[in-house]
Amino acid sequence: MRTFLLAAALATGLAAPALAAGDAPKPPAQDWSFGGLFGTFDRAATQRGFQVYKEVCAACHGVYQLSYRNLAEIGFNEEEVKGIAAQATVRDGPNDEGEMFERPGRPSDKFARPFANEKAARAANNGAYPPDLSLIVKARPDGANYLHGLLTGYGPAPAGMTMGDGMNYNKFFPGHQIAMAAPLVDNGVTYSDGTPASVDQMAKDVATFLAWAAEPELEERKRTGIKVILFLLILTGLLYATKRKIWAALH
């Protein structure tokens, strides 16, 4: 049930066309480890976020741009990656008899798709199509904060607000009415590192994982940027010193 609720909430909240910006307040900014010029992905948080994705989201949402071997970049060792991949069932073939077959996943495989096709996905989600989450953080303005806000923004409707049948109030969802109930519940997963699995913690962790999924090269890009800035500063100093030396005799 929890997986269906998250799928429907994200399908509605992430795939719906953007409404007027004034319909919902801007979600509060979180203190993300990957923010800023020197930011990096917190490996423990990213691994916990993968666990939330795997146990709550993966039944309906794919991250089609990732392969299982990419999980090594967030700290999983080779055996752990093989074990995670082997839990998936992958359709392969044809074999020597010309038939398709199913096999356990391998690290080189893309993440398994939850549905065979779009029609099957819509049929399982009351007509809604759960979007691919690979780039969702980059596809939404202030994406990580928006995801955290969407997943934690449920609550009772304000006095005087009329809710539609079957709708739930969400503070940060445009229009404030969303069809699905809150997808995350306290202790909805059991973290292997013992971190308390509050709704806020799970929302932060899965947003961190999806931020990494959307831009796994972020750390390398930042390191390159810092090197370029340092190079330009040194080059500027050398050019200035050379200019002073060349033109010194003319003063």
# chains A, B, ... in the order shown; residues from 1 in each chain; ligands from 1
$ select_by_dssp --residues "region 9-248 of chain A" --states "alpha helix (DSSP H)" --output "compact mmCIF listing (two decimals) with N, CA, C and O atoms, in the first residue's frame"
# COMPACT_ATOMS: atom_id res chain seq x y z
N ALA A 9 1.23 9.64 -5.47
CA ALA A 9 1.52 11.01 -5.05
C ALA A 9 2.54 11.66 -5.96
O ALA A 9 2.38 12.80 -6.40
N LEU A 10 3.61 10.93 -6.27
CA LEU A 10 4.64 11.49 -7.14
C LEU A 10 4.14 11.60 -8.58
O LEU A 10 4.46 12.55 -9.27
N ALA A 11 3.32 10.64 -9.00
CA ALA A 11 2.80 10.71 -10.36
C ALA A 11 1.94 11.95 -10.53
O ALA A 11 1.98 12.64 -11.54
N THR A 12 1.16 12.24 -9.48
CA THR A 12 0.31 13.42 -9.54
C THR A 12 1.12 14.68 -9.31
O THR A 12 1.02 15.66 -10.03
N GLY A 13 1.99 14.64 -8.28
CA GLY A 13 2.72 15.84 -7.89
C GLY A 13 3.85 16.20 -8.80
O GLY A 13 4.18 17.37 -8.94
N LEU A 14 4.48 15.20 -9.46
CA LEU A 14 5.65 15.47 -10.28
C LEU A 14 5.32 15.56 -11.75
O LEU A 14 5.97 16.27 -12.50
N ALA A 15 4.29 14.84 -12.19
CA ALA A 15 4.00 14.83 -13.61
C ALA A 15 2.98 15.86 -14.01
O ALA A 15 2.83 16.20 -15.18
N ARG A 43 27.45 10.12 1.59
CA ARG A 43 27.29 8.73 1.14
C ARG A 43 26.29 7.96 2.00
O ARG A 43 25.50 7.16 1.47
N ALA A 44 26.28 8.17 3.30
CA ALA A 44 25.34 7.45 4.16
C ALA A 44 23.90 7.86 3.83
O ALA A 44 23.01 7.00 3.72
N ALA A 45 23.67 9.17 3.64
CA ALA A 45 22.32 9.64 3.31
C ALA A 45 21.90 9.13 1.95
O ALA A 45 20.73 8.77 1.73
N THR A 46 22.83 9.10 0.99
CA THR A 46 22.50 8.64 -0.35
C THR A 46 22.16 7.16 -0.35
O THR A 46 21.21 6.73 -1.03
N GLN A 47 22.88 6.37 0.43
CA GLN A 47 22.56 4.95 0.53
C GLN A 47 21.21 4.74 1.21
O GLN A 47 20.42 3.88 0.80
N ARG A 48 20.92 5.52 2.25
CA ARG A 48 19.61 5.41 2.89
C ARG A 48 18.51 5.80 1.90
O ARG A 48 17.44 5.19 1.86
N GLY A 49 18.79 6.84 1.10
CA GLY A 49 17.80 7.26 0.11
C GLY A 49 17.55 6.18 -0.92
O GLY A 49 16.40 6.00 -1.37
N PHE A 50 18.60 5.45 -1.30
CA PHE A 50 18.40 4.32 -2.21
C PHE A 50 17.52 3.28 -1.56
O PHE A 50 16.65 2.68 -2.23
N GLN A 51 17.69 3.05 -0.27
CA GLN A 51 16.85 2.08 0.43
C GLN A 51 15.39 2.51 0.41
O GLN A 51 14.49 1.69 0.17
N VAL A 52 15.13 3.81 0.63
CA VAL A 52 13.76 4.30 0.56
C VAL A 52 13.20 4.13 -0.85
O VAL A 52 12.07 3.68 -1.04
N GLU A 78 31.61 -4.08 -4.26
CA GLU A 78 31.31 -4.92 -5.42
C GLU A 78 30.30 -6.02 -5.09
O GLU A 78 29.37 -6.27 -5.87
N GLU A 79 30.47 -6.67 -3.95
CA GLU A 79 29.56 -7.75 -3.59
C GLU A 79 28.16 -7.21 -3.29
O GLU A 79 27.16 -7.85 -3.63
N GLU A 80 28.09 -6.06 -2.67
CA GLU A 80 26.78 -5.46 -2.39
C GLU A 80 26.06 -5.09 -3.69
O GLU A 80 24.85 -5.32 -3.82
N VAL A 81 26.80 -4.54 -4.64
CA VAL A 81 26.20 -4.19 -5.93
C VAL A 81 25.69 -5.44 -6.63
O VAL A 81 24.57 -5.45 -7.16
N LYS A 82 26.48 -6.52 -6.61
CA LYS A 82 26.04 -7.77 -7.23
C LYS A 82 24.79 -8.30 -6.55
O LYS A 82 23.87 -8.79 -7.23
N GLY A 83 24.74 -8.21 -5.23
CA GLY A 83 23.58 -8.69 -4.50
C GLY A 83 22.33 -7.88 -4.80
O GLY A 83 21.24 -8.44 -4.97
N ILE A 84 22.49 -6.55 -4.87
CA ILE A 84 21.34 -5.69 -5.19
C ILE A 84 20.83 -5.98 -6.60
O ILE A 84 19.62 -6.12 -6.83
N ALA A 85 21.76 -6.12 -7.54
CA ALA A 85 21.37 -6.40 -8.92
C ALA A 85 20.68 -7.75 -9.04
O ALA A 85 19.68 -7.89 -9.76
N ALA A 86 21.17 -8.75 -8.30
CA ALA A 86 20.63 -10.10 -8.40
C ALA A 86 19.19 -10.18 -7.89
O ALA A 86 18.46 -11.12 -8.23
N GLU A 118 3.86 1.62 -20.77
CA GLU A 118 3.09 2.72 -20.20
C GLU A 118 1.65 2.32 -19.89
O GLU A 118 1.09 2.72 -18.86
N LYS A 119 1.04 1.54 -20.76
CA LYS A 119 -0.36 1.14 -20.52
C LYS A 119 -0.49 0.31 -19.25
O LYS A 119 -1.43 0.48 -18.48
N ALA A 120 0.48 -0.58 -19.02
CA ALA A 120 0.45 -1.38 -17.81
C ALA A 120 0.62 -0.49 -16.58
O ALA A 120 -0.02 -0.71 -15.54
N ALA A 121 1.49 0.54 -16.69
CA ALA A 121 1.70 1.46 -15.58
C ALA A 121 0.43 2.24 -15.26
O ALA A 121 0.05 2.40 -14.10
N ARG A 122 -0.23 2.73 -16.30
CA ARG A 122 -1.47 3.49 -16.08
C ARG A 122 -2.57 2.60 -15.50
O ARG A 122 -3.35 3.03 -14.64
N ALA A 123 -2.66 1.38 -15.98
CA ALA A 123 -3.68 0.46 -15.49
C ALA A 123 -3.52 0.18 -14.00
O ALA A 123 -4.50 -0.01 -13.27
N ALA A 124 -2.27 0.15 -13.53
CA ALA A 124 -2.00 -0.14 -12.12
C ALA A 124 -2.11 1.08 -11.22
O ALA A 124 -2.10 0.95 -10.00
N ILE A 136 14.35 13.85 -12.14
CA ILE A 136 13.24 14.63 -11.59
C ILE A 136 13.74 15.83 -10.77
O ILE A 136 13.11 16.88 -10.74
N VAL A 137 14.88 15.69 -10.11
CA VAL A 137 15.40 16.80 -9.31
C VAL A 137 15.81 17.97 -10.20
O VAL A 137 15.65 19.13 -9.83
N LYS A 138 16.32 17.67 -11.39
CA LYS A 138 16.70 18.73 -12.31
C LYS A 138 15.51 19.23 -13.11
O LYS A 138 15.54 20.35 -13.64
N ALA A 139 14.46 18.42 -13.20
CA ALA A 139 13.30 18.79 -13.99
C ALA A 139 12.35 19.73 -13.25
O ALA A 139 11.46 20.33 -13.87
N GLY A 143 14.54 21.52 -7.21
CA GLY A 143 14.04 20.16 -7.18
C GLY A 143 14.14 19.42 -5.88
O GLY A 143 13.17 18.79 -5.43
N ALA A 144 15.30 19.42 -5.23
CA ALA A 144 15.45 18.66 -3.99
C ALA A 144 14.53 19.21 -2.91
O ALA A 144 13.89 18.45 -2.18
N ASN A 145 14.47 20.53 -2.79
CA ASN A 145 13.58 21.13 -1.79
C ASN A 145 12.12 20.87 -2.13
O ASN A 145 11.29 20.67 -1.23
N TYR A 146 11.79 20.87 -3.43
CA TYR A 146 10.42 20.59 -3.82
C TYR A 146 10.02 19.16 -3.45
O TYR A 146 8.93 18.92 -2.90
N LEU A 147 10.90 18.19 -3.72
CA LEU A 147 10.60 16.81 -3.37
C LEU A 147 10.41 16.65 -1.87
O LEU A 147 9.48 15.99 -1.41
N HIS A 148 11.32 17.26 -1.11
CA HIS A 148 11.19 17.17 0.35
C HIS A 148 9.88 17.81 0.80
O HIS A 148 9.17 17.26 1.65
N GLY A 149 9.55 18.98 0.23
CA GLY A 149 8.32 19.65 0.60
C GLY A 149 7.09 18.83 0.25
O GLY A 149 6.15 18.72 1.04
N LEU A 150 7.08 18.24 -0.95
CA LEU A 150 5.94 17.44 -1.38
C LEU A 150 5.72 16.25 -0.45
O LEU A 150 4.58 15.94 -0.06
N LEU A 151 6.80 15.58 -0.07
CA LEU A 151 6.68 14.37 0.74
C LEU A 151 6.38 14.65 2.21
O LEU A 151 5.92 13.77 2.92
N THR A 152 6.63 15.87 2.65
CA THR A 152 6.39 16.21 4.06
C THR A 152 5.26 17.24 4.23
O THR A 152 4.98 17.65 5.36
N VAL A 199 9.53 10.63 8.89
CA VAL A 199 9.10 11.08 7.57
C VAL A 199 10.07 12.11 7.02
O VAL A 199 10.48 12.06 5.86
N ASP A 200 10.48 13.06 7.87
CA ASP A 200 11.41 14.10 7.43
C ASP A 200 12.74 13.49 6.99
O ASP A 200 13.30 13.87 5.96
N GLN A 201 13.24 12.53 7.77
CA GLN A 201 14.53 11.90 7.44
C GLN A 201 14.44 11.13 6.14
O GLN A 201 15.33 11.22 5.27
N MET A 202 13.37 10.35 5.95
CA MET A 202 13.22 9.57 4.72
C MET A 202 13.08 10.48 3.51
O MET A 202 13.64 10.20 2.44
N ALA A 203 12.34 11.60 3.67
CA ALA A 203 12.18 12.54 2.56
C ALA A 203 13.51 13.17 2.18
O ALA A 203 13.83 13.31 0.99
N LYS A 204 14.32 13.54 3.17
CA LYS A 204 15.65 14.10 2.88
C LYS A 204 16.54 13.08 2.20
O LYS A 204 17.27 13.39 1.25
N ASP A 205 16.50 11.85 2.70
CA ASP A 205 17.39 10.82 2.16
C ASP A 205 17.03 10.47 0.71
O ASP A 205 17.91 10.37 -0.14
N VAL A 206 15.75 10.28 0.44
CA VAL A 206 15.37 9.92 -0.93
C VAL A 206 15.60 11.09 -1.88
O VAL A 206 15.97 10.89 -3.05
N ALA A 207 15.44 12.32 -1.40
CA ALA A 207 15.74 13.49 -2.24
C ALA A 207 17.24 13.56 -2.53
O ALA A 207 17.65 13.93 -3.63
N THR A 208 18.07 13.19 -1.55
CA THR A 208 19.52 13.16 -1.77
C THR A 208 19.88 12.11 -2.81
O THR A 208 20.69 12.36 -3.72
N PHE A 209 19.29 10.94 -2.69
CA PHE A 209 19.56 9.88 -3.67
C PHE A 209 19.14 10.31 -5.07
O PHE A 209 19.88 10.10 -6.05
N LEU A 210 17.98 10.94 -5.20
CA LEU A 210 17.50 11.35 -6.52
C LEU A 210 18.30 12.54 -7.06
O LEU A 210 18.43 12.69 -8.28
N ALA A 211 18.84 13.37 -6.16
CA ALA A 211 19.73 14.45 -6.61
C ALA A 211 21.00 13.85 -7.20
O ALA A 211 21.51 14.32 -8.22
N TRP A 212 21.52 12.81 -6.55
CA TRP A 212 22.70 12.13 -7.10
C TRP A 212 22.37 11.44 -8.42
O TRP A 212 23.14 11.52 -9.37
N ALA A 213 21.21 10.79 -8.47
CA ALA A 213 20.81 10.10 -9.71
C ALA A 213 20.71 11.08 -10.88
O ALA A 213 21.06 10.75 -12.01
N ALA A 214 20.23 12.30 -10.59
CA ALA A 214 20.07 13.29 -11.65
C ALA A 214 21.40 13.89 -12.09
O ALA A 214 21.54 14.32 -13.24
N LEU A 218 28.25 15.56 -10.32
CA LEU A 218 28.28 16.86 -9.64
C LEU A 218 29.60 17.10 -8.91
O LEU A 218 30.20 18.17 -9.01
N GLU A 219 30.07 16.12 -8.16
CA GLU A 219 31.30 16.30 -7.39
C GLU A 219 32.50 16.52 -8.31
O GLU A 219 33.32 17.41 -8.05
N GLU A 220 32.59 15.74 -9.36
CA GLU A 220 33.69 15.90 -10.30
C GLU A 220 33.63 17.27 -10.97
O GLU A 220 34.65 17.93 -11.17
N ARG A 221 32.42 17.70 -11.32
CA ARG A 221 32.25 19.01 -11.95
C ARG A 221 32.70 20.13 -11.01
O ARG A 221 33.36 21.08 -11.44
N LYS A 222 32.36 20.01 -9.74
CA LYS A 222 32.77 21.04 -8.78
C LYS A 222 34.28 21.04 -8.59
O LYS A 222 34.90 22.11 -8.50
N ARG A 223 34.88 19.86 -8.52
CA ARG A 223 36.34 19.80 -8.38
C ARG A 223 37.02 20.42 -9.58
O ARG A 223 38.00 21.16 -9.44
N THR A 224 36.49 20.13 -10.77
CA THR A 224 37.06 20.72 -11.98
C THR A 224 36.91 22.23 -11.96
O THR A 224 37.83 22.97 -12.33
N GLY A 225 35.75 22.70 -11.53
CA GLY A 225 35.51 24.15 -11.47
C GLY A 225 36.48 24.85 -10.54
O GLY A 225 36.99 25.93 -10.85
N ILE A 226 36.75 24.24 -9.37
CA ILE A 226 37.69 24.83 -8.42
C ILE A 226 39.09 24.89 -9.02
O ILE A 226 39.80 25.89 -8.89
N LYS A 227 39.48 23.81 -9.72
CA LYS A 227 40.80 23.79 -10.35
C LYS A 227 40.91 24.88 -11.42
O LYS A 227 41.95 25.55 -11.54
N VAL A 228 39.84 25.06 -12.18
CA VAL A 228 39.85 26.08 -13.23
C VAL A 228 39.96 27.47 -12.61
O VAL A 228 40.72 28.32 -13.09
N ILE A 229 39.22 27.72 -11.53
CA ILE A 229 39.28 29.02 -10.87
C ILE A 229 40.69 29.29 -10.33
O ILE A 229 41.24 30.39 -10.50
N LEU A 230 41.29 28.28 -9.69
CA LEU A 230 42.65 28.45 -9.18
C LEU A 230 43.63 28.70 -10.32
O LEU A 230 44.52 29.56 -10.21
N PHE A 231 43.47 27.97 -11.42
CA PHE A 231 44.35 28.17 -12.57
C PHE A 231 44.23 29.59 -13.12
O PHE A 231 45.24 30.24 -13.42
N LEU A 232 42.99 30.07 -13.23
CA LEU A 232 42.78 31.42 -13.76
C LEU A 232 43.36 32.48 -12.83
O LEU A 232 43.91 33.50 -13.29
N LEU A 233 43.24 32.26 -11.51
CA LEU A 233 43.82 33.21 -10.56
C LEU A 233 45.34 33.25 -10.69
O LEU A 233 45.95 34.33 -10.70
N ILE A 234 45.96 32.08 -10.77
CA ILE A 234 47.42 32.02 -10.93
C ILE A 234 47.84 32.64 -12.25
O ILE A 234 48.81 33.42 -12.33
N LEU A 235 47.10 32.32 -13.33
CA LEU A 235 47.43 32.87 -14.64
C LEU A 235 47.31 34.38 -14.64
O LEU A 235 48.16 35.09 -15.21
N THR A 236 46.27 34.90 -13.97
CA THR A 236 46.10 36.35 -13.89
C THR A 236 47.28 37.00 -13.19
O THR A 236 47.81 38.04 -13.63
N GLY A 237 47.72 36.37 -12.09
CA GLY A 237 48.88 36.90 -11.37
C GLY A 237 50.14 36.89 -12.22
O GLY A 237 50.90 37.86 -12.22
N LEU A 238 50.35 35.80 -12.95
CA LEU A 238 51.54 35.71 -13.80
C LEU A 238 51.49 36.72 -14.94
O LEU A 238 52.51 37.36 -15.27
N LEU A 239 50.31 36.89 -15.54
CA LEU A 239 50.17 37.87 -16.62
C LEU A 239 50.41 39.29 -16.12
O LEU A 239 51.05 40.10 -16.79
N TYR A 240 49.92 39.57 -14.91
CA TYR A 240 50.12 40.90 -14.33
C TYR A 240 51.60 41.13 -14.06
O TYR A 240 52.15 42.21 -14.37
N ALA A 241 52.27 40.13 -13.49
CA ALA A 241 53.70 40.27 -13.20
C ALA A 241 54.50 40.42 -14.48
O ALA A 241 55.45 41.23 -14.55
N THR A 242 54.13 39.67 -15.52
CA THR A 242 54.83 39.78 -16.81
C THR A 242 54.63 41.15 -17.42
O THR A 242 55.57 41.77 -17.96
N LYS A 243 53.42 41.65 -17.35
CA LYS A 243 53.12 42.99 -17.87
C LYS A 243 53.95 44.04 -17.15
O LYS A 243 54.53 44.95 -17.78
N ARG A 244 54.05 43.96 -15.82
CA ARG A 244 54.84 44.94 -15.04
C ARG A 244 56.31 44.88 -15.45
O ARG A 244 56.97 45.92 -15.58
N LYS A 245 56.84 43.67 -15.67
CA LYS A 245 58.24 43.52 -16.01
C LYS A 245 58.52 44.06 -17.41
O LYS A 245 59.52 44.76 -17.65
N ILE A 246 57.64 43.77 -18.39
CA ILE A 246 57.84 44.21 -19.76
C ILE A 246 57.78 45.72 -19.91
O ILE A 246 58.59 46.35 -20.60
N TRP A 247 56.82 46.30 -19.21
CA TRP A 247 56.58 47.74 -19.37
C TRP A 247 57.32 48.60 -18.33
O TRP A 247 57.24 49.83 -18.39
$ select_by_dssp --residues "region 28-132 of chain A" --states "strand (DSSP E)" --output "NGL selection string"
:A and (89-92 or 101-104)
$ write_last_selection --atoms "N, CA, C and O atoms" --output "PDB file, in the first residue's frame"
ATOM      1  N   THR A  89      14.733  -9.004 -11.499  1.00  0.00           N
ATOM      2  CA  THR A  89      14.512  -9.971 -12.569  1.00  0.00           C
ATOM      3  C   THR A  89      14.548  -9.226 -13.897  1.00  0.00           C
ATOM      4  O   THR A  89      13.798  -8.272 -14.097  1.00  0.00           O
ATOM      5  N   VAL A  90      15.437  -9.660 -14.781  1.00  0.00           N
ATOM      6  CA  VAL A  90      15.655  -8.978 -16.054  1.00  0.00           C
ATOM      7  C   VAL A  90      15.232  -9.886 -17.204  1.00  0.00           C
ATOM      8  O   VAL A  90      15.568 -11.081 -17.221  1.00  0.00           O
ATOM      9  N   ARG A  91      14.503  -9.314 -18.149  1.00  0.00           N
ATOM     10  CA  ARG A  91      14.110 -10.073 -19.338  1.00  0.00           C
ATOM     11  C   ARG A  91      15.236  -9.966 -20.363  1.00  0.00           C
ATOM     12  O   ARG A  91      15.690  -8.875 -20.686  1.00  0.00           O
ATOM     13  N   ASP A  92      15.687 -11.100 -20.860  1.00  0.00           N
ATOM     14  CA  ASP A  92      16.835 -11.133 -21.764  1.00  0.00           C
ATOM     15  C   ASP A  92      16.529 -12.070 -22.926  1.00  0.00           C
ATOM     16  O   ASP A  92      15.501 -12.745 -22.957  1.00  0.00           O
ATOM     17  N   PHE A 101      13.861 -14.892 -22.191  1.00  0.00           N
ATOM     18  CA  PHE A 101      13.888 -15.556 -20.899  1.00  0.00           C
ATOM     19  C   PHE A 101      14.178 -14.534 -19.808  1.00  0.00           C
ATOM     20  O   PHE A 101      14.589 -13.404 -20.088  1.00  0.00           O
ATOM     21  N   GLU A 102      13.953 -14.939 -18.583  1.00  0.00           N
ATOM     22  CA  GLU A 102      14.207 -14.073 -17.435  1.00  0.00           C
ATOM     23  C   GLU A 102      15.407 -14.604 -16.667  1.00  0.00           C
ATOM     24  O   GLU A 102      15.614 -15.811 -16.558  1.00  0.00           O
ATOM     25  N   ARG A 103      16.189 -13.665 -16.124  1.00  0.00           N
ATOM     26  CA  ARG A 103      17.379 -14.024 -15.356  1.00  0.00           C
ATOM     27  C   ARG A 103      17.588 -13.002 -14.247  1.00  0.00           C
ATOM     28  O   ARG A 103      17.036 -11.894 -14.291  1.00  0.00           O
ATOM     29  N   PRO A 104      18.389 -13.334 -13.242  1.00  0.00           N
ATOM     30  CA  PRO A 104      18.725 -12.346 -12.210  1.00  0.00           C
ATOM     31  C   PRO A 104      19.528 -11.194 -12.810  1.00  0.00           C
ATOM     32  O   PRO A 104      20.277 -11.383 -13.779  1.00  0.00           O
TER      33      PRO A 104
END
$ atom_distance --atom1 "CA of Ser67 (chain A)" --atom2 "CA of Pro130 (chain A)"
19.5 Å
$ atom_distance --atom1 "CA of Gly164 (chain A)" --atom2 "CA of Ile178 (chain A)"
9.3 Å
$ residues_around --residues "region 155-161 of chain A" --least-positions-apart "4" --cutoff "8 Å" --atoms "only C-alpha atoms" --output "list in words"
Asn168, Tyr169, Asn170 and Lys171 of chain A
$ write_last_selection --atoms "N, CA and C atoms" --output "PDB file, in the first residue's frame"
ATOM      1  N   ASN A 168      -6.551  15.106  -0.632  1.00  0.00           N
ATOM      2  CA  ASN A 168      -5.809  15.316   0.606  1.00  0.00           C
ATOM      3  C   ASN A 168      -5.071  16.641   0.533  1.00  0.00           C
ATOM      4  N   TYR A 169      -4.980  17.311   1.654  1.00  0.00           N
ATOM      5  CA  TYR A 169      -4.324  18.617   1.696  1.00  0.00           C
ATOM      6  C   TYR A 169      -2.811  18.448   1.729  1.00  0.00           C
ATOM      7  N   ASN A 170      -2.132  19.217   0.875  1.00  0.00           N
ATOM      8  CA  ASN A 170      -0.673  19.249   0.871  1.00  0.00           C
ATOM      9  C   ASN A 170      -0.251  20.707   0.735  1.00  0.00           C
ATOM     10  N   LYS A 171       0.471  21.184   1.720  1.00  0.00           N
ATOM     11  CA  LYS A 171       0.834  22.592   1.784  1.00  0.00           C
ATOM     12  C   LYS A 171       1.638  23.058   0.584  1.00  0.00           C
TER      13      LYS A 171
END
